[in-house]
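Notes follow once the structure below has been shown.
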Amino acid sequence: MDELTKIAYNCKKATFLIEKQEIGAITMREKLELKIHLAGCRVCRIFQQQSVAINKMVKSLLYHHDVTNVKLDDDFKNKLQHRIENQLNK
Amino acid sequence: MQSPENYNTATNSLTDPRKWVDLHSDYLYKYALTRINDTETARELVQDTLLAGLERLDKFEGKSTERTWLTAILKNKVVDVYRKRSSAFIKQPGLETAEHEMDDFFEPDACNWKPDHRPQEFGIEQPDCLERKEFKQILQKCMQKLPGLWLSVFTMKHMDEEATDTICADLNITPSNFWVIIHRAKLNLRECLQKHWI
């Protein structure tokens, strides 16, 4: 099996390159390898779509208050407020 | 550049620390919790951040917003926690398990997907708003299952968009470790989503 035939079946490497490409840079050769792999591998094409979607969603997690609907309790806030005022009044 | 009239060591007129708790503490808590995933530690970090802010009040020049400035202080504290966690990298239980699981994704020789672990479409590409909200809740739960160091690397990269070099330096890992972790974290995360969404 030559190198390019090998990459055509190597989903482990393909998924690695997908991740690397999304947040970094891959070489021209790696780009070619990935292209060849994805042309023939539907499963990794799905992986790639999902990987991109996951990254986008992770990025937006912080800005969705409904999802991260967490608040500090008032007791904790009051104590903190007191500490700050004491510090300021020193 | 600081001008003398808005510079005062006792009370910096550009910022009002008495309002910090009201204005920023929930935001900072959320910021910390999303990254640290431990309520107790997150609370401590918020407190440490505001108190550190008080001490450095004279350094706030109004070049960024109050919130941005406080968040920057918090961020450094979060990285300290990451650093502590990553130094316990080797001893950390759960890591080996997760690594082992990841090796199960692909056939040992050919390196193609094992049938049970093949990604299937789960339609997150064009979901409606409600689905998206539920999906994000699952996503958060799945993220919380990742080993500490993986989550640190993953959130620093994907949430904070830190430079890879910075992450490696902060967490004391090699670039090759970094890429392995990024890859494995995503494989695990994706599989977890597939299990709990479909």
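Quick note on naming: the chains in the structure tokens go A, B, ... in the order shown, residues restart at 1 in each chain, and ligands are numbered from 1 in order of appearance.
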Counting only C-alpha atoms, which residues of chain B come no farther than 9 Å from chain A, as a PyMOL selection string?
chain B and resi 10-11+17-22+25-27+29-31+33-34+43+47+50-51+54+105-107+110-113+118-125+133-134+136-137+139-140+155+157-161+164+179-180+182-184+186-187+189-190
Could you please write out, as number ranges by chain, every residue of stretch 3-66 of chain A that DSSP assigns to helix (DSSP H, G or I)?
A: 3-9, 11-23, 28-40, 42-61
Let me see the file: selected residues, C-alpha atoms, as a CSV table (one decimal), in the first residue's frame.
chain,number,residue,atom,x,y,z
A,3,GLU,CA,1.2,6.3,1.4
A,4,LEU,CA,-1.9,7.9,-0.2
A,5,THR,CA,-3.8,4.6,-0.2
A,6,LYS,CA,-3.0,4.3,3.5
A,7,ILE,CA,-4.4,7.7,4.3
A,8,ALA,CA,-7.6,6.9,2.4
A,9,TYR,CA,-8.4,4.3,5.1
A,11,CYS,CA,-9.8,7.6,10.0
A,12,LYS,CA,-7.7,8.1,13.1
A,13,LYS,CA,-5.2,10.3,11.2
A,14,ALA,CA,-8.0,12.0,9.2
A,15,THR,CA,-9.9,13.1,12.4
A,16,PHE,CA,-6.6,14.3,13.9
A,17,LEU,CA,-5.9,16.4,10.8
A,18,ILE,CA,-9.5,17.8,10.9
A,19,GLU,CA,-8.9,19.0,14.5
A,20,LYS,CA,-5.5,20.4,13.6
A,21,GLN,CA,-6.8,22.2,10.6
A,22,GLU,CA,-9.6,23.9,12.5
A,23,ILE,CA,-7.5,25.6,15.0
A,28,MET,CA,0.1,21.2,1.9
A,29,ARG,CA,0.7,17.5,2.0
A,30,GLU,CA,-1.6,17.0,5.0
A,31,LYS,CA,-4.3,19.0,3.2
A,32,LEU,CA,-4.0,16.7,0.2
A,33,GLU,CA,-4.2,13.6,2.3
A,34,LEU,CA,-7.2,14.9,4.2
A,35,LYS,CA,-8.9,15.8,0.9
A,36,ILE,CA,-8.3,12.3,-0.5
A,37,HIS,CA,-9.6,10.7,2.7
A,38,LEU,CA,-12.7,12.8,3.0
A,39,ALA,CA,-13.6,12.3,-0.7
A,40,GLY,CA,-14.0,8.6,0.1
A,42,ARG,CA,-18.6,9.7,4.5
A,43,VAL,CA,-18.2,9.0,8.2
A,44,CYS,CA,-15.3,11.4,8.6
A,45,ARG,CA,-17.2,14.0,6.6
A,46,ILE,CA,-19.9,13.7,9.3
A,47,PHE,CA,-17.3,13.9,12.0
A,48,GLN,CA,-15.9,17.1,10.4
A,49,GLN,CA,-19.3,18.8,10.2
A,50,GLN,CA,-20.0,17.9,13.8
A,51,SER,CA,-16.6,18.9,15.0
A,52,VAL,CA,-17.1,22.4,13.5
A,53,ALA,CA,-20.6,22.7,15.0
A,54,ILE,CA,-19.3,21.6,18.4
A,55,ASN,CA,-16.6,24.2,18.3
A,56,LYS,CA,-19.1,26.9,17.5
A,57,MET,CA,-21.4,25.9,20.2
A,58,VAL,CA,-18.7,25.7,22.8
A,59,LYS,CA,-17.6,29.2,21.9
A,60,SER,CA,-21.1,30.5,22.3
A,61,LEU,CA,-21.8,28.7,25.6
Atom CA of B:Gln144 to atom CA of B:Cys192: how many Å, to one decimal?
10.8 Å
